[in-house]
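First comes the structure, then the notes that go with it.
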Amino acid sequence: MATEDARYRQSSQYRLWSFNPSHLATLREKANTLAKTHISNRLRTSEPPVDPLPNFLTPAEEYTLLNHFTLELLRAAPYCQLPTDIQATAAIFLRRFYVTNSVMTYPPQELIKTCLFFGCKAEGYFIRVQKIADTFPNTTGEMILAAEYVLCQGIRFAFDVRHPFRALEGVVMELRRLGDYDDDRINQAHRRTREILKFSPLVTDVYFHYTPSQIMYAALAIADEELVHSMFREAFASQGDEAKDKIWDVIQGCKAMLEKEPPEKMATYWTDPESTKAIKILRKKLIKCRDPDRVDLVSLQKARREQATQKPKAKGGANADEKVFGNGTNEERESKRRKVALDGGDIFGPPL
C-alpha cells in the first residue's frame, strides 16, 4: 500500500506546482518580461501609437498587487457564502494563474470572480454563476465565464488542490488520544491554527514550497509549539533525532513565512493608511500599462468565437475517403468491379 507521501508525490500539486523559491522567482520574472514585451509591441502598433511607453510594473510590484487581490478574493468569498475549502481553492487558483501570467495581461479584478466560481466546480460544490455575479457590482454571469478557459489554461488544467485542513483534524484527534494535554488547550490551539490556515498560507507562497502536512505543523507551531514537539516525539520515537531535526528545520522555514502574514492583517489591511496608499498608487500604474487587447475579456472571447466560425472548412476531394481508409481511388475500384463482371464471378467469392 502506497504511503501518504508517495500518493502526494503523484498529485498534480506536487508534479506541476511545487517549486523552490529561486525557480518561482524566475517564472514570475519571465512572465513580467514577456508581458512588457507584448504590451509594448501592441501599444507601438496601435492607432494612434503610444509614445512614450508607460512605466511597467516590476515583478515585486506585481507580487504586491497579487497579494492585494488575493485579499480581495478572501474578503468577497464570505459574501458568496462559500465554505472554507472553496475559498482556499479559489485563492490558490488565482496565485497559480499569476505564476506564468502577468497582472498587466489579464485583469485580476475579473479573475478573482472566475476563480471563486471555478473553485466551486473543482470542489464539487454546486452554485449558480448568477449568485456570484450578484455579489459583485456591475458584474454579469457572462463576465465570470469569459475568463474560465483562460484560467484553466493558466493553471495547466490542474484542478486538484491539497489543503492542510484535514491534516489538522487528524493531529487534533491524535493529541486527544495521547492524553498528554487537557482538551481546553488542544481546542484553543485547534481554533488558532485553523484561523492561521484560513489566511496566512493563502497570501504567501508556502503552497508552492511545502506539503499540506508541513504547512499544518508550521501553523500549529505558531499556535502552540509544544504540541508539535509532542507529536514529533511520538512520530520519530524509532528514527532518532537526526530525522526529527531535519523535519523540524523544514517546519521552521514554513513557520517563518506564515508569520509574515498573520490572520489579524485581514481586519487591519483595509484601514491601514500606508498599505492603502501604496496599493492605490500601484493600481493607477496598472491601469496605464495593462494589455489593451485583454481589458475586456467578454469582447475578446466573442472575437475568438467569431474567428473560429469564420475559418474556411477543409474541402474534401473526390477521393477523400480513400485517402483516409486506404481503399484506392474511385477509378481503381470501378476497374476491379468491371473485371469481376467480365469474369462472371461473384463479387463475394465462390459458393461454399
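Chain labels run A, B, ... following the order of the C-alpha cells; each chain numbers its residues from 1, and ligands are numbered from 1 in the order shown.
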
Under the rule of at most 12 Å, produce a per-residue listing of stretch 203-251 of chain A near stretch 65-83 of chain A: chain, number, name, the closest pair of atoms, and the distance in Å, as CSV, using only C-alpha atoms.
residue,atom,partner,partner_atom,distance
A:Val203,CA,A:Asn67,CA,5.7
A:Thr204,CA,A:Asn67,CA,7.8
A:Asp205,CA,A:Asn67,CA,10.1

Would you list, as a PyMOL selection string, the residues of stretch 50-297 of chain A that end up in alpha helix (DSSP H) under DSSP run on this structure's backbone? chain A and resi 59-76+84-100+108-122+129-135+141-146+148-154+165-178+183-197+206-209+212-235+241-259+265-268+273-289+297

Selection near stretch 97-110 of chain A, 8 Å with only C-alpha atoms, sequence-local residues under 2 positions removed, as a PyMOL selection string: chain A and resi 24+27-28+30-32+35+39+57+62+65-66+69+93-95+112-114+143-144+147+151+154-155+286+289-291+294-295

Got a sec: who's within 9 Å of A:Asp224, counting only C-alpha atoms, leaving out chain neighbours fewer than 3 positions off, as a list of chain:residue names? A:Arg185, A:Ile186, A:Ala189, A:Arg192, A:Thr193, A:Ala219, A:Leu220, A:Ala221, A:Leu227, A:Val228

Output all heavy atoms for every residue in that selection, as a JSON list (two decimals), in the first residue's frame.
[["chain", "number", "residue", "atom", "x", "y", "z"],
["A", 185, "ARG", "N", -6.72, 23.17, 26.16],
["A", 185, "ARG", "CA", -5.51, 23.62, 25.47],
["A", 185, "ARG", "C", -5.52, 23.15, 24.01],
["A", 185, "ARG", "O", -5.15, 23.91, 23.11],
["A", 185, "ARG", "CB", -4.28, 23.09, 26.20],
["A", 185, "ARG", "CG", -2.97, 23.54, 25.55],
["A", 185, "ARG", "CD", -1.77, 23.14, 26.38],
["A", 185, "ARG", "NE", -0.54, 23.56, 25.75],
["A", 185, "ARG", "CZ", 0.67, 23.38, 26.29],
["A", 185, "ARG", "NH1", 0.79, 22.78, 27.48],
["A", 185, "ARG", "NH2", 1.75, 23.80, 25.66],
["A", 186, "ILE", "N", -5.92, 21.91, 23.80],
["A", 186, "ILE", "CA", -5.97, 21.38, 22.43],
["A", 186, "ILE", "C", -6.99, 22.15, 21.59],
["A", 186, "ILE", "O", -6.72, 22.51, 20.44],
["A", 186, "ILE", "CB", -6.28, 19.88, 22.45],
["A", 186, "ILE", "CG1", -5.14, 19.10, 23.11],
["A", 186, "ILE", "CG2", -6.52, 19.36, 21.03],
["A", 186, "ILE", "CD1", -5.42, 17.63, 23.30],
["A", 189, "ALA", "N", -5.61, 25.61, 20.70],
["A", 189, "ALA", "CA", -4.62, 25.51, 19.63],
["A", 189, "ALA", "C", -5.29, 25.18, 18.30],
["A", 189, "ALA", "O", -4.87, 25.68, 17.24],
["A", 189, "ALA", "CB", -3.59, 24.44, 19.99],
["A", 192, "ARG", "N", -6.91, 28.42, 16.93],
["A", 192, "ARG", "CA", -5.91, 29.37, 16.45],
["A", 192, "ARG", "C", -5.23, 28.87, 15.17],
["A", 192, "ARG", "O", -5.02, 29.64, 14.22],
["A", 192, "ARG", "CB", -4.86, 29.60, 17.54],
["A", 192, "ARG", "CG", -3.72, 30.54, 17.14],
["A", 192, "ARG", "CD", -4.25, 31.89, 16.72],
["A", 192, "ARG", "NE", -3.16, 32.78, 16.32],
["A", 192, "ARG", "CZ", -3.34, 33.94, 15.72],
["A", 192, "ARG", "NH1", -4.56, 34.37, 15.44],
["A", 192, "ARG", "NH2", -2.31, 34.70, 15.39],
["A", 193, "THR", "N", -4.92, 27.58, 15.11],
["A", 193, "THR", "CA", -4.28, 27.02, 13.92],
["A", 193, "THR", "C", -5.19, 27.14, 12.71],
["A", 193, "THR", "O", -4.75, 27.47, 11.60],
["A", 193, "THR", "CB", -3.91, 25.55, 14.15],
["A", 193, "THR", "OG1", -3.08, 25.45, 15.31],
["A", 193, "THR", "CG2", -3.17, 24.97, 12.96],
["A", 219, "ALA", "N", 1.75, 25.99, 11.11],
["A", 219, "ALA", "CA", 0.69, 26.81, 11.71],
["A", 219, "ALA", "C", 0.44, 26.39, 13.16],
["A", 219, "ALA", "O", 0.23, 27.25, 14.04],
["A", 219, "ALA", "CB", -0.59, 26.68, 10.89],
["A", 220, "LEU", "N", 0.48, 25.08, 13.43],
["A", 220, "LEU", "CA", 0.29, 24.60, 14.80],
["A", 220, "LEU", "C", 1.44, 25.05, 15.70],
["A", 220, "LEU", "O", 1.23, 25.36, 16.88],
["A", 220, "LEU", "CB", 0.17, 23.08, 14.80],
["A", 220, "LEU", "CG", -0.10, 22.41, 16.16],
["A", 220, "LEU", "CD1", -1.39, 22.93, 16.78],
["A", 220, "LEU", "CD2", -0.14, 20.89, 16.00],
["A", 221, "ALA", "N", 2.64, 25.12, 15.14],
["A", 221, "ALA", "CA", 3.79, 25.59, 15.91],
["A", 221, "ALA", "C", 3.64, 27.05, 16.30],
["A", 221, "ALA", "O", 4.10, 27.47, 17.36],
["A", 221, "ALA", "CB", 5.08, 25.38, 15.11],
["A", 227, "LEU", "N", 2.94, 21.41, 21.44],
["A", 227, "LEU", "CA", 2.11, 20.32, 20.90],
["A", 227, "LEU", "C", 2.80, 19.66, 19.71],
["A", 227, "LEU", "O", 2.72, 18.44, 19.53],
["A", 227, "LEU", "CB", 0.75, 20.86, 20.48],
["A", 227, "LEU", "CG", -0.15, 21.43, 21.59],
["A", 227, "LEU", "CD1", -1.50, 21.84, 21.02],
["A", 227, "LEU", "CD2", -0.34, 20.42, 22.71],
["A", 228, "VAL", "N", 3.48, 20.45, 18.90],
["A", 228, "VAL", "CA", 4.20, 19.90, 17.74],
["A", 228, "VAL", "C", 5.35, 19.02, 18.22],
["A", 228, "VAL", "O", 5.56, 17.92, 17.70],
["A", 228, "VAL", "CB", 4.72, 21.02, 16.83],
["A", 228, "VAL", "CG1", 5.49, 20.44, 15.65],
["A", 228, "VAL", "CG2", 3.56, 21.88, 16.32]]

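One distance worth recording is that between atom CA of A:Ala25 and atom CA of A:Ala88, which is 22.3 Å.
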
Extract, using only C-alpha atoms, all DNA, RNA and protein residues at most 10 Å from stretch 230-232 of chain A, discarding same-chain residues fewer than 2 positions from it, and format them as a PDB file with all heavy atoms, in the first residue's frame.
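This went into around-v3.pdb:
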ATOM      1  N   VAL A 171      -4.382  15.502  13.406  1.00  0.00           N
ATOM      2  CA  VAL A 171      -3.444  15.762  14.501  1.00  0.00           C
ATOM      3  C   VAL A 171      -4.191  16.037  15.801  1.00  0.00           C
ATOM      4  O   VAL A 171      -3.784  15.582  16.880  1.00  0.00           O
ATOM      5  CB  VAL A 171      -2.516  16.935  14.133  1.00  0.00           C
ATOM      6  CG1 VAL A 171      -1.814  17.479  15.374  1.00  0.00           C
ATOM      7  CG2 VAL A 171      -1.473  16.479  13.124  1.00  0.00           C
ATOM      8  N   GLU A 174      -5.233  12.836  17.234  1.00  0.00           N
ATOM      9  CA  GLU A 174      -4.087  12.106  17.792  1.00  0.00           C
ATOM     10  C   GLU A 174      -3.645  12.708  19.131  1.00  0.00           C
ATOM     11  O   GLU A 174      -3.295  11.968  20.063  1.00  0.00           O
ATOM     12  CB  GLU A 174      -2.930  12.139  16.791  1.00  0.00           C
ATOM     13  CG  GLU A 174      -1.701  11.346  17.199  1.00  0.00           C
ATOM     14  CD  GLU A 174      -1.945   9.845  17.267  1.00  0.00           C
ATOM     15  OE1 GLU A 174      -3.003   9.381  16.786  1.00  0.00           O
ATOM     16  OE2 GLU A 174      -1.079   9.134  17.806  1.00  0.00           O
ATOM     17  N   LEU A 175      -3.661  14.021  19.244  1.00  0.00           N
ATOM     18  CA  LEU A 175      -3.298  14.659  20.505  1.00  0.00           C
ATOM     19  C   LEU A 175      -4.277  14.268  21.616  1.00  0.00           C
ATOM     20  O   LEU A 175      -3.873  14.039  22.769  1.00  0.00           O
ATOM     21  CB  LEU A 175      -3.286  16.180  20.341  1.00  0.00           C
ATOM     22  CG  LEU A 175      -2.100  16.768  19.559  1.00  0.00           C
ATOM     23  CD1 LEU A 175      -2.357  18.232  19.222  1.00  0.00           C
ATOM     24  CD2 LEU A 175      -0.800  16.625  20.346  1.00  0.00           C
ATOM     25  N   LEU A 178      -3.430  10.708  22.719  1.00  0.00           N
ATOM     26  CA  LEU A 178      -2.239  10.610  23.566  1.00  0.00           C
ATOM     27  C   LEU A 178      -2.545  10.997  25.010  1.00  0.00           C
ATOM     28  O   LEU A 178      -1.943  10.447  25.949  1.00  0.00           O
ATOM     29  CB  LEU A 178      -1.126  11.505  23.008  1.00  0.00           C
ATOM     30  CG  LEU A 178      -0.539  11.084  21.648  1.00  0.00           C
ATOM     31  CD1 LEU A 178       0.444  12.122  21.148  1.00  0.00           C
ATOM     32  CD2 LEU A 178       0.134   9.719  21.743  1.00  0.00           C
ATOM     33  N   ASP A 180      -1.816  13.680  26.722  1.00  0.00           N
ATOM     34  CA  ASP A 180      -0.795  14.425  27.473  1.00  0.00           C
ATOM     35  C   ASP A 180      -1.244  15.843  27.823  1.00  0.00           C
ATOM     36  O   ASP A 180      -0.635  16.489  28.686  1.00  0.00           O
ATOM     37  CB  ASP A 180       0.496  14.497  26.654  1.00  0.00           C
ATOM     38  CG  ASP A 180       1.114  13.121  26.438  1.00  0.00           C
ATOM     39  OD1 ASP A 180       0.840  12.224  27.251  1.00  0.00           O
ATOM     40  OD2 ASP A 180       1.852  12.947  25.445  1.00  0.00           O
ATOM     41  N   TYR A 181      -2.285  16.335  27.134  1.00  0.00           N
ATOM     42  CA  TYR A 181      -2.723  17.710  27.346  1.00  0.00           C
ATOM     43  C   TYR A 181      -4.246  17.732  27.517  1.00  0.00           C
ATOM     44  O   TYR A 181      -4.955  16.889  26.959  1.00  0.00           O
ATOM     45  CB  TYR A 181      -2.309  18.604  26.175  1.00  0.00           C
ATOM     46  CG  TYR A 181      -0.819  18.582  25.909  1.00  0.00           C
ATOM     47  CD1 TYR A 181      -0.267  17.726  24.955  1.00  0.00           C
ATOM     48  CD2 TYR A 181       0.040  19.413  26.618  1.00  0.00           C
ATOM     49  CE1 TYR A 181       1.101  17.695  24.729  1.00  0.00           C
ATOM     50  CE2 TYR A 181       1.410  19.395  26.389  1.00  0.00           C
ATOM     51  CZ  TYR A 181       1.930  18.522  25.443  1.00  0.00           C
ATOM     52  OH  TYR A 181       3.285  18.495  25.224  1.00  0.00           O
ATOM     53  N   TYR A 217       1.708  21.733  10.345  1.00  0.00           N
ATOM     54  CA  TYR A 217       2.580  21.716  11.524  1.00  0.00           C
ATOM     55  C   TYR A 217       3.176  23.098  11.786  1.00  0.00           C
ATOM     56  O   TYR A 217       3.353  23.498  12.944  1.00  0.00           O
ATOM     57  CB  TYR A 217       3.692  20.690  11.350  1.00  0.00           C
ATOM     58  CG  TYR A 217       3.300  19.297  11.765  1.00  0.00           C
ATOM     59  CD1 TYR A 217       3.373  18.233  10.874  1.00  0.00           C
ATOM     60  CD2 TYR A 217       2.871  19.023  13.067  1.00  0.00           C
ATOM     61  CE1 TYR A 217       3.015  16.945  11.250  1.00  0.00           C
ATOM     62  CE2 TYR A 217       2.512  17.746  13.457  1.00  0.00           C
ATOM     63  CZ  TYR A 217       2.581  16.709  12.549  1.00  0.00           C
ATOM     64  OH  TYR A 217       2.219  15.449  12.932  1.00  0.00           O
ATOM     65  N   GLU A 225       3.713  25.567  20.097  1.00  0.00           N
ATOM     66  CA  GLU A 225       4.866  24.809  19.621  1.00  0.00           C
ATOM     67  C   GLU A 225       5.074  23.518  20.410  1.00  0.00           C
ATOM     68  O   GLU A 225       5.540  22.513  19.864  1.00  0.00           O
ATOM     69  CB  GLU A 225       6.117  25.685  19.703  1.00  0.00           C
ATOM     70  CG  GLU A 225       7.329  25.095  19.019  1.00  0.00           C
ATOM     71  CD  GLU A 225       8.466  26.093  18.905  1.00  0.00           C
ATOM     72  OE1 GLU A 225       8.250  27.182  18.317  1.00  0.00           O
ATOM     73  OE2 GLU A 225       9.556  25.784  19.427  1.00  0.00           O
ATOM     74  N   GLU A 226       4.710  23.515  21.665  1.00  0.00           N
ATOM     75  CA  GLU A 226       4.921  22.328  22.499  1.00  0.00           C
ATOM     76  C   GLU A 226       4.108  21.134  22.001  1.00  0.00           C
ATOM     77  O   GLU A 226       4.555  19.985  22.093  1.00  0.00           O
ATOM     78  CB  GLU A 226       4.557  22.641  23.954  1.00  0.00           C
ATOM     79  CG  GLU A 226       4.937  21.522  24.920  1.00  0.00           C
ATOM     80  CD  GLU A 226       4.630  21.874  26.356  1.00  0.00           C
ATOM     81  OE1 GLU A 226       4.512  23.075  26.668  1.00  0.00           O
ATOM     82  OE2 GLU A 226       4.506  20.941  27.173  1.00  0.00           O
ATOM     83  N   LEU A 227       2.935  21.406  21.442  1.00  0.00           N
ATOM     84  CA  LEU A 227       2.112  20.321  20.899  1.00  0.00           C
ATOM     85  C   LEU A 227       2.799  19.658  19.706  1.00  0.00           C
ATOM     86  O   LEU A 227       2.716  18.444  19.525  1.00  0.00           O
ATOM     87  CB  LEU A 227       0.746  20.857  20.485  1.00  0.00           C
ATOM     88  CG  LEU A 227      -0.150  21.428  21.586  1.00  0.00           C
ATOM     89  CD1 LEU A 227      -1.498  21.843  21.019  1.00  0.00           C
ATOM     90  CD2 LEU A 227      -0.341  20.415  22.709  1.00  0.00           C
ATOM     91  N   VAL A 228       3.477  20.453  18.895  1.00  0.00           N
ATOM     92  CA  VAL A 228       4.197  19.897  17.744  1.00  0.00           C
ATOM     93  C   VAL A 228       5.348  19.020  18.224  1.00  0.00           C
ATOM     94  O   VAL A 228       5.565  17.918  17.698  1.00  0.00           O
ATOM     95  CB  VAL A 228       4.717  21.021  16.827  1.00  0.00           C
ATOM     96  CG1 VAL A 228       5.487  20.441  15.647  1.00  0.00           C
ATOM     97  CG2 VAL A 228       3.563  21.879  16.323  1.00  0.00           C
ATOM     98  N   GLU A 234       6.476  11.366  19.426  1.00  0.00           N
ATOM     99  CA  GLU A 234       5.720  10.138  19.177  1.00  0.00           C
ATOM    100  C   GLU A 234       6.024   9.573  17.797  1.00  0.00           C
ATOM    101  O   GLU A 234       6.223   8.365  17.624  1.00  0.00           O
ATOM    102  CB  GLU A 234       4.219  10.435  19.302  1.00  0.00           C
ATOM    103  CG  GLU A 234       3.297   9.252  19.058  1.00  0.00           C
ATOM    104  CD  GLU A 234       3.280   8.276  20.204  1.00  0.00           C
ATOM    105  OE1 GLU A 234       3.784   8.613  21.291  1.00  0.00           O
ATOM    106  OE2 GLU A 234       2.772   7.151  19.996  1.00  0.00           O
ATOM    107  N   ALA A 235       6.088  10.459  16.791  1.00  0.00           N
ATOM    108  CA  ALA A 235       6.258  10.011  15.404  1.00  0.00           C
ATOM    109  C   ALA A 235       7.674   9.528  15.112  1.00  0.00           C
ATOM    110  O   ALA A 235       7.872   8.596  14.321  1.00  0.00           O
ATOM    111  CB  ALA A 235       5.891  11.144  14.448  1.00  0.00           C
ATOM    112  N   PHE A 236       8.681  10.143  15.755  1.00  0.00           N
ATOM    113  CA  PHE A 236      10.075   9.814  15.453  1.00  0.00           C
ATOM    114  C   PHE A 236      10.738   9.021  16.577  1.00  0.00           C
ATOM    115  O   PHE A 236      11.964   9.013  16.689  1.00  0.00           O
ATOM    116  CB  PHE A 236      10.872  11.094  15.190  1.00  0.00           C
ATOM    117  CG  PHE A 236      10.462  11.824  13.948  1.00  0.00           C
ATOM    118  CD1 PHE A 236       9.561  12.887  14.014  1.00  0.00           C
ATOM    119  CD2 PHE A 236      10.951  11.464  12.709  1.00  0.00           C
ATOM    120  CE1 PHE A 236       9.169  13.573  12.886  1.00  0.00           C
ATOM    121  CE2 PHE A 236      10.573  12.143  11.562  1.00  0.00           C
ATOM    122  CZ  PHE A 236       9.668  13.198  11.646  1.00  0.00           C
ATOM    123  N   ALA A 237       9.945   8.349  17.371  1.00  0.00           N
ATOM    124  CA  ALA A 237      10.495   7.605  18.504  1.00  0.00           C
ATOM    125  C   ALA A 237      11.480   6.533  18.062  1.00  0.00           C
ATOM    126  O   ALA A 237      12.473   6.256  18.744  1.00  0.00           O
ATOM    127  CB  ALA A 237       9.356   6.972  19.312  1.00  0.00           C
ATOM    128  N   ASP A 241      17.093  11.372  16.460  1.00  0.00           N
ATOM    129  CA  ASP A 241      16.976  12.830  16.439  1.00  0.00           C
ATOM    130  C   ASP A 241      17.328  13.438  15.091  1.00  0.00           C
ATOM    131  O   ASP A 241      16.863  14.540  14.771  1.00  0.00           O
ATOM    132  CB  ASP A 241      17.881  13.438  17.517  1.00  0.00           C
ATOM    133  CG  ASP A 241      17.378  13.128  18.924  1.00  0.00           C
ATOM    134  OD1 ASP A 241      16.171  12.819  19.055  1.00  0.00           O
ATOM    135  OD2 ASP A 241      18.194  13.182  19.867  1.00  0.00           O
ATOM    136  N   LYS A 244      14.231  13.733  12.951  1.00  0.00           N
ATOM    137  CA  LYS A 244      13.321  14.698  13.561  1.00  0.00           C
ATOM    138  C   LYS A 244      13.832  16.125  13.389  1.00  0.00           C
ATOM    139  O   LYS A 244      13.055  17.034  13.054  1.00  0.00           O
ATOM    140  CB  LYS A 244      13.165  14.374  15.053  1.00  0.00           C
ATOM    141  CG  LYS A 244      12.181  15.291  15.771  1.00  0.00           C
ATOM    142  CD  LYS A 244      11.975  14.867  17.218  1.00  0.00           C
ATOM    143  CE  LYS A 244      13.239  15.099  18.046  1.00  0.00           C
ATOM    144  NZ  LYS A 244      13.007  14.829  19.482  1.00  0.00           N
ATOM    145  N   ASP A 245      15.124  16.346  13.566  1.00  0.00           N
ATOM    146  CA  ASP A 245      15.691  17.690  13.419  1.00  0.00           C
ATOM    147  C   ASP A 245      15.586  18.184  11.979  1.00  0.00           C
ATOM    148  O   ASP A 245      15.375  19.377  11.730  1.00  0.00           O
ATOM    149  CB  ASP A 245      17.149  17.693  13.867  1.00  0.00           C
ATOM    150  CG  ASP A 245      17.297  17.461  15.372  1.00  0.00           C
ATOM    151  OD1 ASP A 245      16.295  17.641  16.092  1.00  0.00           O
ATOM    152  OD2 ASP A 245      18.400  17.084  15.811  1.00  0.00           O
ATOM    153  N   ILE A 247      13.217  17.418   9.764  1.00  0.00           N
ATOM    154  CA  ILE A 247      11.839  17.840   9.522  1.00  0.00           C
ATOM    155  C   ILE A 247      11.529  19.135  10.265  1.00  0.00           C
ATOM    156  O   ILE A 247      10.844  20.028   9.747  1.00  0.00           O
ATOM    157  CB  ILE A 247      10.853  16.729   9.941  1.00  0.00           C
ATOM    158  CG1 ILE A 247      11.082  15.469   9.100  1.00  0.00           C
ATOM    159  CG2 ILE A 247       9.412  17.192   9.786  1.00  0.00           C
ATOM    160  CD1 ILE A 247      10.863  15.655   7.616  1.00  0.00           C
ATOM    161  N   TRP A 248      12.059  19.252  11.470  1.00  0.00           N
ATOM    162  CA  TRP A 248      11.801  20.463  12.251  1.00  0.00           C
ATOM    163  C   TRP A 248      12.365  21.708  11.575  1.00  0.00           C
ATOM    164  O   TRP A 248      11.755  22.780  11.618  1.00  0.00           O
ATOM    165  CB  TRP A 248      12.368  20.318  13.661  1.00  0.00           C
ATOM    166  CG  TRP A 248      12.165  21.525  14.512  1.00  0.00           C
ATOM    167  CD1 TRP A 248      13.111  22.355  15.018  1.00  0.00           C
ATOM    168  CD2 TRP A 248      10.909  22.048  14.962  1.00  0.00           C
ATOM    169  NE1 TRP A 248      12.550  23.363  15.752  1.00  0.00           N
ATOM    170  CE2 TRP A 248      11.188  23.196  15.736  1.00  0.00           C
ATOM    171  CE3 TRP A 248       9.582  21.653  14.791  1.00  0.00           C
ATOM    172  CZ2 TRP A 248      10.197  23.958  16.321  1.00  0.00           C
ATOM    173  CZ3 TRP A 248       8.581  22.420  15.375  1.00  0.00           C
ATOM    174  CH2 TRP A 248       8.887  23.548  16.139  1.00  0.00           C
TER     175      TRP A 248
END

Would you kindly return, as a list in words, each protein, DNA or RNA residue with an atom no farther than 12 Å from any atom of A:Lys302, considering only C-alpha atoms and excluding same-chain residues fewer than 6 positions away? Glu142, Met143, Leu145, Ala146, Ala147, Asp296, Ala308 and Thr309 of chain A
